[in-house]
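*Asks:* Structure in structure tokens, see below.
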Amino acid sequence: MNKTLILLLFLFSNIFTTSLDSKELEESVKIDSSDFYYACTKRYSLSGDLPNLETKINTPYLIGISATTLAFMISQHIYQANTIWKDQAEFKIIEDGQYALYADKAGHIFGGYIMSYAYTELLSSAGISWELSNILGASIGFSYQTYVEILDGYGSNFGFSPSDFYANLFGSSFFLAQHYVPFLQNFTPKFMYIPADAHGEMKRRPHFAFIDDYSSHTMWMSVNVHNLLGDDYNKYWPKWLQLSFGYAVRNLCDPNDPNFDCSDSYAVNGIVHGDRKFILALDYNLAELIPEMGAPFDWFIQSLNYVKLPSPAIEFGEQTKFMLVYPFVEF
């Protein structure tokens, strides 16, 4: 599958570059700067240039992206083969919505979204048109997530999960939809990973790697309040200040595993204990908060916006907590 993705990229390269004469190759036509925004915030590319309106491949760059992609996928496969997929079995389909109280589904949505973003940025930097980069980026993000889900189907402790598949599809589709429906850019998925024991709680029991330690994950949807308020009221709300709605499940524990004592967690059903959390937090638009410093720093700050940073928050669960710095410091 990895080789197929690379061959597709080279195929697109041949299709588009063969239709261009030498004069057209000398100078790329860029999209209008007014079109390169995300939720009314200026966007940045890796190179600092505007994306191409028409595809004109930078072949060495595309080769580098292809090689890096292949190396990433091989290393990721080896890592998971020695952790999550270590014990193999026959392929099976399992609907597993309850085992992590849906914390994993939010993770799959974010995974499909962020991989789509990453490949869109890389393909655009290689000279592929901005629109085609978004289409291919979302397609690659979803394809890789599907590849992982199929291999999950062979894991003795896992299975191919239809709800995981649909969550992957939603994440990649939502990313692509933001390209065509700019209003959706006011809603940004974010991820926070802080080891649960760093703030006095238990990591998921059992877990095989940080990827499936859902007790340490928090998934967020950040809302651009400034834009949603409209012109009459947004002057009262700073552009850099946003609100995030989070979901997490702390102290996940399998009560049927004799290796663990789940008495310190809440019994939800017969297969899992955990404490579901719904969080309302302040959030930051770093691209509005931090001044421009040039490529690639501006692009890095833009990308860091998909990571939720600690902030004041209210956490609703078995207990309600008012946090000065979530999840570390309570009022």
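Letters for chains follow the order of the structure tokens (A, B, ...), residue numbers begin at 1 for each chain, and ligand numbers begin at 1 in the order shown.
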For stretch 166-203 of chain A versus stretch 33-48 of chain A, which residues have an atom no more than 12 Å away, and what is each residue's nearest atom pair and distance in Å rounded to one decimal, using only C-alpha atoms, chain-then-number order, as a tab-separated table?

*Replies:*
```
residue	atom	partner	partner_atom	distance
A:Phe175	CA	A:Tyr38	CA	11.7
A:Gln178	CA	A:Tyr38	CA	8.9
A:His179	CA	A:Tyr38	CA	9.0
A:Tyr180	CA	A:Asp35	CA	11.5
A:Val181	CA	A:Ala39	CA	10.6
A:Pro182	CA	A:Ala39	CA	6.9
A:Phe183	CA	A:Ala39	CA	7.3
A:Leu184	CA	A:Ala39	CA	8.1
A:Gln185	CA	A:Ala39	CA	5.0
A:Asn186	CA	A:Ala39	CA	5.5
A:Phe187	CA	A:Ala39	CA	8.7
A:Thr188	CA	A:Ala39	CA	9.6
```

*Asks:* Could you turn the residues from that selection into a file that holds N, CA and C atoms, as an mmCIF file, in the first residue's frame?

*Replies:*
```
data_model
loop_
_atom_site.group_PDB
_atom_site.id
_atom_site.type_symbol
_atom_site.label_atom_id
_atom_site.label_comp_id
_atom_site.auth_asym_id
_atom_site.auth_seq_id
_atom_site.Cartn_x
_atom_site.Cartn_y
_atom_site.Cartn_z
ATOM 1 N N PHE A 175 -11.652 17.517 7.292
ATOM 2 C CA PHE A 175 -10.532 18.338 6.824
ATOM 3 C C PHE A 175 -10.799 18.835 5.409
ATOM 4 N N GLN A 178 -13.492 21.509 5.096
ATOM 5 C CA GLN A 178 -13.074 22.857 5.483
ATOM 6 C C GLN A 178 -12.509 23.637 4.301
ATOM 7 N N HIS A 179 -11.936 22.927 3.337
ATOM 8 C CA HIS A 179 -11.393 23.590 2.143
ATOM 9 C C HIS A 179 -12.519 24.196 1.307
ATOM 10 N N TYR A 180 -13.633 23.494 1.229
ATOM 11 C CA TYR A 180 -14.741 23.921 0.369
ATOM 12 C C TYR A 180 -15.815 24.716 1.124
ATOM 13 N N VAL A 181 -15.877 24.544 2.437
ATOM 14 C CA VAL A 181 -16.858 25.278 3.241
ATOM 15 C C VAL A 181 -16.092 26.032 4.324
ATOM 16 N N PRO A 182 -15.624 27.242 4.055
ATOM 17 C CA PRO A 182 -14.762 27.976 4.999
ATOM 18 C C PRO A 182 -15.367 28.168 6.385
ATOM 19 N N PHE A 183 -16.677 28.193 6.516
ATOM 20 C CA PHE A 183 -17.294 28.363 7.826
ATOM 21 C C PHE A 183 -16.837 27.266 8.788
ATOM 22 N N LEU A 184 -16.598 26.063 8.270
ATOM 23 C CA LEU A 184 -16.178 24.943 9.116
ATOM 24 C C LEU A 184 -14.788 25.155 9.711
ATOM 25 N N GLN A 185 -14.028 26.089 9.165
ATOM 26 C CA GLN A 185 -12.693 26.366 9.697
ATOM 27 C C GLN A 185 -12.745 27.001 11.084
ATOM 28 N N ASN A 186 -13.927 27.414 11.502
ATOM 29 C CA ASN A 186 -14.081 27.960 12.848
ATOM 30 C C ASN A 186 -14.080 26.869 13.916
ATOM 31 N N PHE A 187 -13.999 25.616 13.494
ATOM 32 C CA PHE A 187 -14.001 24.478 14.412
ATOM 33 C C PHE A 187 -12.773 23.618 14.120
ATOM 34 N N THR A 188 -11.837 23.588 15.063
ATOM 35 C CA THR A 188 -10.547 22.937 14.841
ATOM 36 C C THR A 188 -10.319 21.804 15.837
#
```

*Asks:* I want to know what sits within 6 Å of stretch 156-173 of chain A, based on only C-alpha atoms, with residues of the same chain fewer than 2 positions away left out; could you give that as a ChimeraX atom specification?

*Replies:* /A:87-89,92-95,105,108-110,112-113,116,138,142,149-150,152-153,175-177

*Asks:* Go ahead and dump the residues you just picked, N, CA and C atoms, as a PDB file, in the first residue's frame.

*Replies:*
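Okay, part13.pdb is ready:
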```
ATOM      1  N   ASP A  87       0.896  -9.802  19.118  1.00  0.00           N
ATOM      2  CA  ASP A  87       0.229 -11.104  19.113  1.00  0.00           C
ATOM      3  C   ASP A  87      -0.793 -11.116  17.992  1.00  0.00           C
ATOM      4  N   GLN A  88      -0.607 -12.051  17.050  1.00  0.00           N
ATOM      5  CA  GLN A  88      -1.438 -12.105  15.856  1.00  0.00           C
ATOM      6  C   GLN A  88      -2.500 -13.206  15.950  1.00  0.00           C
ATOM      7  N   ALA A  89      -3.568 -13.040  15.181  1.00  0.00           N
ATOM      8  CA  ALA A  89      -4.644 -14.023  15.118  1.00  0.00           C
ATOM      9  C   ALA A  89      -5.306 -13.895  13.748  1.00  0.00           C
ATOM     10  N   LYS A  92     -10.537 -10.487  12.139  1.00  0.00           N
ATOM     11  CA  LYS A  92     -11.883 -10.470  12.715  1.00  0.00           C
ATOM     12  C   LYS A  92     -12.398  -9.041  12.768  1.00  0.00           C
ATOM     13  N   ILE A  93     -13.710  -8.915  12.762  1.00  0.00           N
ATOM     14  CA  ILE A  93     -14.385  -7.616  12.868  1.00  0.00           C
ATOM     15  C   ILE A  93     -15.023  -7.530  14.245  1.00  0.00           C
ATOM     16  N   ILE A  94     -14.676  -6.492  14.998  1.00  0.00           N
ATOM     17  CA  ILE A  94     -15.200  -6.301  16.343  1.00  0.00           C
ATOM     18  C   ILE A  94     -15.662  -4.863  16.504  1.00  0.00           C
ATOM     19  N   GLU A  95     -16.901  -4.675  16.932  1.00  0.00           N
ATOM     20  CA  GLU A  95     -17.363  -3.328  17.270  1.00  0.00           C
ATOM     21  C   GLU A  95     -16.998  -3.068  18.731  1.00  0.00           C
ATOM     22  N   LYS A 105     -12.443   6.779  19.677  1.00  0.00           N
ATOM     23  CA  LYS A 105     -13.102   7.262  18.458  1.00  0.00           C
ATOM     24  C   LYS A 105     -12.724   8.717  18.183  1.00  0.00           C
ATOM     25  N   HIS A 108      -9.372   8.700  16.666  1.00  0.00           N
ATOM     26  CA  HIS A 108      -9.374   8.338  15.243  1.00  0.00           C
ATOM     27  C   HIS A 108      -9.794   9.513  14.375  1.00  0.00           C
ATOM     28  N   ILE A 109     -10.760  10.288  14.852  1.00  0.00           N
ATOM     29  CA  ILE A 109     -11.158  11.482  14.104  1.00  0.00           C
ATOM     30  C   ILE A 109      -9.974  12.431  13.969  1.00  0.00           C
ATOM     31  N   PHE A 110      -9.284  12.672  15.081  1.00  0.00           N
ATOM     32  CA  PHE A 110      -8.134  13.573  15.036  1.00  0.00           C
ATOM     33  C   PHE A 110      -7.026  12.993  14.156  1.00  0.00           C
ATOM     34  N   GLY A 112      -7.227  10.995  11.511  1.00  0.00           N
ATOM     35  CA  GLY A 112      -7.536  11.195  10.097  1.00  0.00           C
ATOM     36  C   GLY A 112      -7.376  12.646   9.682  1.00  0.00           C
ATOM     37  N   TYR A 113      -7.756  13.548  10.570  1.00  0.00           N
ATOM     38  CA  TYR A 113      -7.679  14.978  10.268  1.00  0.00           C
ATOM     39  C   TYR A 113      -6.230  15.449  10.174  1.00  0.00           C
ATOM     40  N   SER A 116      -4.258  14.167   7.215  1.00  0.00           N
ATOM     41  CA  SER A 116      -4.692  14.853   5.996  1.00  0.00           C
ATOM     42  C   SER A 116      -4.038  16.220   5.900  1.00  0.00           C
ATOM     43  N   ALA A 138      -6.185  14.480   1.997  1.00  0.00           N
ATOM     44  CA  ALA A 138      -7.274  13.810   2.713  1.00  0.00           C
ATOM     45  C   ALA A 138      -7.353  12.343   2.316  1.00  0.00           C
ATOM     46  N   PHE A 142      -6.773   9.246   5.018  1.00  0.00           N
ATOM     47  CA  PHE A 142      -7.780   8.203   5.231  1.00  0.00           C
ATOM     48  C   PHE A 142      -7.233   6.825   4.843  1.00  0.00           C
ATOM     49  N   GLU A 149      -6.140   0.154  10.432  1.00  0.00           N
ATOM     50  CA  GLU A 149      -7.330  -0.536  10.962  1.00  0.00           C
ATOM     51  C   GLU A 149      -7.404  -1.978  10.457  1.00  0.00           C
ATOM     52  N   ILE A 150      -7.015  -2.203   9.227  1.00  0.00           N
ATOM     53  CA  ILE A 150      -7.002  -3.571   8.691  1.00  0.00           C
ATOM     54  C   ILE A 150      -6.018  -4.433   9.464  1.00  0.00           C
ATOM     55  N   ASP A 152      -5.114  -3.918  12.501  1.00  0.00           N
ATOM     56  CA  ASP A 152      -5.737  -4.145  13.812  1.00  0.00           C
ATOM     57  C   ASP A 152      -6.615  -5.391  13.778  1.00  0.00           C
ATOM     58  N   GLY A 153      -7.208  -5.648  12.609  1.00  0.00           N
ATOM     59  CA  GLY A 153      -8.084  -6.800  12.478  1.00  0.00           C
ATOM     60  C   GLY A 153      -7.384  -8.123  12.700  1.00  0.00           C
ATOM     61  N   PHE A 175     -11.652  17.517   7.292  1.00  0.00           N
ATOM     62  CA  PHE A 175     -10.532  18.338   6.824  1.00  0.00           C
ATOM     63  C   PHE A 175     -10.799  18.835   5.409  1.00  0.00           C
ATOM     64  N   LEU A 176     -11.207  17.935   4.519  1.00  0.00           N
ATOM     65  CA  LEU A 176     -11.450  18.326   3.133  1.00  0.00           C
ATOM     66  C   LEU A 176     -12.639  19.275   3.030  1.00  0.00           C
ATOM     67  N   ALA A 177     -13.662  19.037   3.832  1.00  0.00           N
ATOM     68  CA  ALA A 177     -14.836  19.913   3.813  1.00  0.00           C
ATOM     69  C   ALA A 177     -14.469  21.344   4.195  1.00  0.00           C
TER      70      ALA A 177
END
```

*Asks:* Just the residues within 12 Å of A:Leu243, please, counting only C-alpha atoms, with nothing from its chain fewer than 6 positions along; format it as a short mmCIF file (atom, residue, chain, number, x, y, z; two decimals) with C-alpha atoms, in the first residue's frame.

*Replies:*
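Wrote it out as selection_26.cif, contents follow:
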```cif
data_model
loop_
_atom_site.label_atom_id
_atom_site.label_comp_id
_atom_site.auth_asym_id
_atom_site.auth_seq_id
_atom_site.Cartn_x
_atom_site.Cartn_y
_atom_site.Cartn_z
CA ASN A 186 -14.08 27.96 12.85
CA PHE A 187 -14.00 24.48 14.41
CA THR A 188 -10.55 22.94 14.84
CA PRO A 189 -9.82 19.45 16.28
CA LYS A 190 -6.99 19.44 18.80
CA TRP A 220 -10.76 18.85 21.87
CA MET A 221 -12.82 20.87 19.45
CA SER A 222 -11.60 24.46 19.47
CA VAL A 223 -14.12 27.13 18.51
CA ASN A 224 -13.21 30.49 16.97
CA VAL A 225 -15.56 32.64 19.04
CA HIS A 226 -14.34 35.90 17.49
CA ASN A 227 -15.58 34.90 14.03
CA LEU A 228 -18.86 33.43 15.25
CA TRP A 237 -13.47 39.26 21.92
CA ILE A 279 -14.17 19.95 29.75
CA LEU A 280 -14.71 23.58 28.84
CA ALA A 281 -11.43 25.46 28.51
CA LEU A 282 -9.91 28.67 27.26
CA ASP A 283 -7.75 28.21 24.21
CA TYR A 284 -5.25 30.13 22.12
CA ASN A 285 -4.90 30.83 18.42
CA LYS A 308 -4.13 21.86 22.94
CA SER A 311 -5.12 26.60 30.20
CA PRO A 312 -7.87 27.53 32.68
CA ALA A 313 -10.78 25.08 32.46
CA ILE A 314 -13.85 23.60 34.10
#
```

*Asks:* Please extract the residues of stretch 59-288 of chain A with a backbone DSSP assignment of strand (DSSP E) and present them as a PyMOL selection string.

*Replies:* chain A and resi 187-193+217-223+241-253+273-284

*Asks:* Okay, now the selection with N, CA and C atoms, as a JSON list (two decimals), in the first residue's frame?

*Replies:*
```json
[["chain", "number", "residue", "atom", "x", "y", "z"],
["A", 187, "PHE", "N", -14.00, 25.62, 13.49],
["A", 187, "PHE", "CA", -14.00, 24.48, 14.41],
["A", 187, "PHE", "C", -12.77, 23.62, 14.12],
["A", 188, "THR", "N", -11.84, 23.59, 15.06],
["A", 188, "THR", "CA", -10.55, 22.94, 14.84],
["A", 188, "THR", "C", -10.32, 21.80, 15.84],
["A", 189, "PRO", "N", -10.16, 20.56, 15.37],
["A", 189, "PRO", "CA", -9.82, 19.45, 16.28],
["A", 189, "PRO", "C", -8.44, 19.65, 16.87],
["A", 190, "LYS", "N", -8.29, 19.34, 18.14],
["A", 190, "LYS", "CA", -6.99, 19.44, 18.80],
["A", 190, "LYS", "C", -6.77, 18.22, 19.69],
["A", 191, "PHE", "N", -5.50, 17.99, 20.01],
["A", 191, "PHE", "CA", -5.12, 16.81, 20.78],
["A", 191, "PHE", "C", -4.21, 17.22, 21.94],
["A", 192, "MET", "N", -4.42, 16.58, 23.08],
["A", 192, "MET", "CA", -3.53, 16.78, 24.22],
["A", 192, "MET", "C", -3.12, 15.41, 24.75],
["A", 193, "TYR", "N", -1.81, 15.19, 24.86],
["A", 193, "TYR", "CA", -1.31, 13.97, 25.49],
["A", 193, "TYR", "C", -0.41, 14.36, 26.65],
["A", 217, "HIS", "N", -5.04, 10.72, 27.10],
["A", 217, "HIS", "CA", -5.44, 11.52, 25.94],
["A", 217, "HIS", "C", -6.59, 12.45, 26.32],
["A", 218, "THR", "N", -6.60, 13.62, 25.74],
["A", 218, "THR", "CA", -7.77, 14.49, 25.78],
["A", 218, "THR", "C", -7.98, 15.03, 24.37],
["A", 219, "MET", "N", -9.18, 14.85, 23.86],
["A", 219, "MET", "CA", -9.53, 15.32, 22.53],
["A", 219, "MET", "C", -10.39, 16.58, 22.64],
["A", 220, "TRP", "N", -10.13, 17.54, 21.78],
["A", 220, "TRP", "CA", -10.76, 18.85, 21.87],
["A", 220, "TRP", "C", -11.34, 19.28, 20.53],
["A", 221, "MET", "N", -12.36, 20.12, 20.61],
["A", 221, "MET", "CA", -12.82, 20.87, 19.45],
["A", 221, "MET", "C", -12.74, 22.34, 19.83],
["A", 222, "SER", "N", -11.82, 23.05, 19.17],
["A", 222, "SER", "CA", -11.60, 24.46, 19.47],
["A", 222, "SER", "C", -12.50, 25.33, 18.60],
["A", 223, "VAL", "N", -13.13, 26.30, 19.20],
["A", 223, "VAL", "CA", -14.12, 27.13, 18.51],
["A", 223, "VAL", "C", -13.61, 28.56, 18.41],
["A", 241, "LEU", "N", -8.08, 34.55, 21.29],
["A", 241, "LEU", "CA", -8.70, 33.80, 22.39],
["A", 241, "LEU", "C", -9.86, 32.95, 21.86],
["A", 242, "GLN", "N", -9.80, 31.65, 22.14],
["A", 242, "GLN", "CA", -10.83, 30.74, 21.69],
["A", 242, "GLN", "C", -11.36, 29.92, 22.86],
["A", 243, "LEU", "N", -12.41, 29.15, 22.61],
["A", 243, "LEU", "CA", -12.93, 28.20, 23.58],
["A", 243, "LEU", "C", -12.78, 26.79, 23.03],
["A", 244, "SER", "N", -12.45, 25.85, 23.91],
["A", 244, "SER", "CA", -12.33, 24.46, 23.49],
["A", 244, "SER", "C", -13.23, 23.58, 24.35],
["A", 245, "PHE", "N", -13.85, 22.62, 23.67],
["A", 245, "PHE", "CA", -14.67, 21.62, 24.34],
["A", 245, "PHE", "C", -13.93, 20.29, 24.27],
["A", 246, "GLY", "N", -13.66, 19.71, 25.43],
["A", 246, "GLY", "CA", -12.84, 18.52, 25.48],
["A", 246, "GLY", "C", -13.58, 17.30, 26.00],
["A", 247, "TYR", "N", -13.05, 16.13, 25.62],
["A", 247, "TYR", "CA", -13.57, 14.85, 26.14],
["A", 247, "TYR", "C", -12.39, 13.97, 26.48],
["A", 248, "ALA", "N", -12.47, 13.36, 27.67],
["A", 248, "ALA", "CA", -11.42, 12.45, 28.12],
["A", 248, "ALA", "C", -12.04, 11.39, 29.01],
["A", 249, "VAL", "N", -11.36, 10.27, 29.14],
["A", 249, "VAL", "CA", -11.76, 9.23, 30.09],
["A", 249, "VAL", "C", -10.54, 8.88, 30.92],
["A", 250, "ARG", "N", -10.57, 9.21, 32.20],
["A", 250, "ARG", "CA", -9.44, 8.97, 33.08],
["A", 250, "ARG", "C", -9.59, 7.61, 33.78],
["A", 251, "ASN", "N", -8.46, 7.07, 34.18],
["A", 251, "ASN", "CA", -8.40, 5.85, 34.99],
["A", 251, "ASN", "C", -9.12, 4.67, 34.34],
["A", 252, "LEU", "N", -8.99, 4.54, 33.02],
["A", 252, "LEU", "CA", -9.58, 3.39, 32.34],
["A", 252, "LEU", "C", -8.96, 2.10, 32.86],
["A", 253, "CYS", "N", -9.80, 1.10, 33.11],
["A", 253, "CYS", "CA", -9.30, -0.16, 33.67],
["A", 253, "CYS", "C", -10.22, -1.30, 33.25],
["A", 273, "HIS", "N", -13.95, 0.09, 33.51],
["A", 273, "HIS", "CA", -14.12, 1.12, 34.53],
["A", 273, "HIS", "C", -13.46, 2.39, 34.01],
["A", 274, "GLY", "N", -14.00, 3.54, 34.39],
["A", 274, "GLY", "CA", -13.40, 4.79, 33.97],
["A", 274, "GLY", "C", -14.20, 5.98, 34.45],
["A", 275, "ASP", "N", -13.62, 7.14, 34.32],
["A", 275, "ASP", "CA", -14.25, 8.39, 34.75],
["A", 275, "ASP", "C", -14.28, 9.32, 33.54],
["A", 276, "ARG", "N", -15.47, 9.45, 32.95],
["A", 276, "ARG", "CA", -15.61, 10.29, 31.77],
["A", 276, "ARG", "C", -15.59, 11.77, 32.16],
["A", 277, "LYS", "N", -14.85, 12.54, 31.37],
["A", 277, "LYS", "CA", -14.70, 13.97, 31.65],
["A", 277, "LYS", "C", -15.16, 14.79, 30.44],
["A", 278, "PHE", "N", -15.92, 15.83, 30.72],
["A", 278, "PHE", "CA", -16.28, 16.82, 29.71],
["A", 278, "PHE", "C", -15.71, 18.15, 30.19],
["A", 279, "ILE", "N", -14.94, 18.79, 29.33],
["A", 279, "ILE", "CA", -14.17, 19.95, 29.75],
["A", 279, "ILE", "C", -14.49, 21.16, 28.88],
["A", 280, "LEU", "N", -14.61, 22.30, 29.52],
["A", 280, "LEU", "CA", -14.71, 23.58, 28.84],
["A", 280, "LEU", "C", -13.48, 24.39, 29.22],
["A", 281, "ALA", "N", -12.71, 24.81, 28.22],
["A", 281, "ALA", "CA", -11.43, 25.46, 28.51],
["A", 281, "ALA", "C", -11.20, 26.66, 27.61],
["A", 282, "LEU", "N", -10.43, 27.60, 28.12],
["A", 282, "LEU", "CA", -9.91, 28.67, 27.26],
["A", 282, "LEU", "C", -8.85, 28.08, 26.34],
["A", 283, "ASP", "N", -8.71, 28.71, 25.20],
["A", 283, "ASP", "CA", -7.75, 28.21, 24.21],
["A", 283, "ASP", "C", -7.10, 29.38, 23.50],
["A", 284, "TYR", "N", -6.04, 29.08, 22.75],
["A", 284, "TYR", "CA", -5.25, 30.13, 22.12],
["A", 284, "TYR", "C", -5.12, 29.86, 20.62]]
```

*Asks:* Using only C-alpha atoms, which residue out of A:Leu309, A:Phe210, A:Ser216, A:Tyr326 lies closest to A:Pro195?

*Replies:*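 Selected residue with least distance to A:Pro195: A:Ser216.
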
*Asks:* Write out as a short mmCIF file (atom, residue, chain, number, x, y, z; two decimals) with N, CA and C atoms, in the first residue's frame each polymer residue whose atoms come within 7 Å of A:Asn256, counting only C-alpha atoms; drop sequence neighbours fewer than 2 positions from it.

*Replies:*
```cif
data_model
loop_
_atom_site.label_atom_id
_atom_site.label_comp_id
_atom_site.auth_asym_id
_atom_site.auth_seq_id
_atom_site.Cartn_x
_atom_site.Cartn_y
_atom_site.Cartn_z
N ASP A 254 -9.62 -2.43 32.90
CA ASP A 254 -10.36 -3.63 32.51
C ASP A 254 -10.61 -4.48 33.76
N PRO A 258 -7.03 -10.01 35.46
CA PRO A 258 -6.62 -10.31 36.84
C PRO A 258 -5.36 -9.58 37.28
N ILE A 271 -17.26 -4.44 31.25
CA ILE A 271 -15.97 -4.60 30.56
C ILE A 271 -15.01 -3.45 30.80
#
```

*Asks:* What is the distance, in Å and to one decimal place, between atom CA of A:Ala196 and atom CA of A:Asp212?

*Replies:*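 For atom CA of A:Ala196 relative to atom CA of A:Asp212, the distance reads 12.6 Å.
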
*Asks:* With stretch 55-61 of chain A as the partner and 9 Å as the cut-off, tabulate the residues of stretch 77-177 of chain A that qualify, each row holding the nearest pair of atoms and their distance in Å to one decimal, using only C-alpha atoms, sorted by chain and rising number, as a Markdown table.

*Replies:*
```
| residue | atom | partner | partner_atom | distance |
| --- | --- | --- | --- | --- |
| A:Ser124 | CA | A:Thr55 | CA | 8.8 |
| A:Ser125 | CA | A:Tyr61 | CA | 7.9 |
| A:Ala126 | CA | A:Asn58 | CA | 5.2 |
| A:Gly127 | CA | A:Ile57 | CA | 4.5 |
| A:Ile128 | CA | A:Thr55 | CA | 4.3 |
| A:Ser129 | CA | A:Thr55 | CA | 4.4 |
| A:Trp130 | CA | A:Thr55 | CA | 8.2 |
| A:Leu132 | CA | A:Thr55 | CA | 8.2 |
```

*Asks:* Give me, please, the distance in Å between atom CA of A:Val272 and atom CA of A:Tyr102, quoted to one decimal.

*Replies:*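 If I compute the distance from atom CA of A:Val272 to atom CA of A:Tyr102, I get 11.4 Å.
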
*Asks:* Can you list every residue in stretch 45-86 of chain A that DSSP puts in helix (DSSP H, G or I), as a ChimeraX atom specification?

*Replies:* /A:59-81

*Asks:* Which neighbours of A:Val29 fall inside 10 Å, counting only C-alpha atoms, when residues of the same chain fewer than 4 positions from it are skipped, and could you give them as a ChimeraX atom specification?

*Replies:* /A:24-25,50-56,129
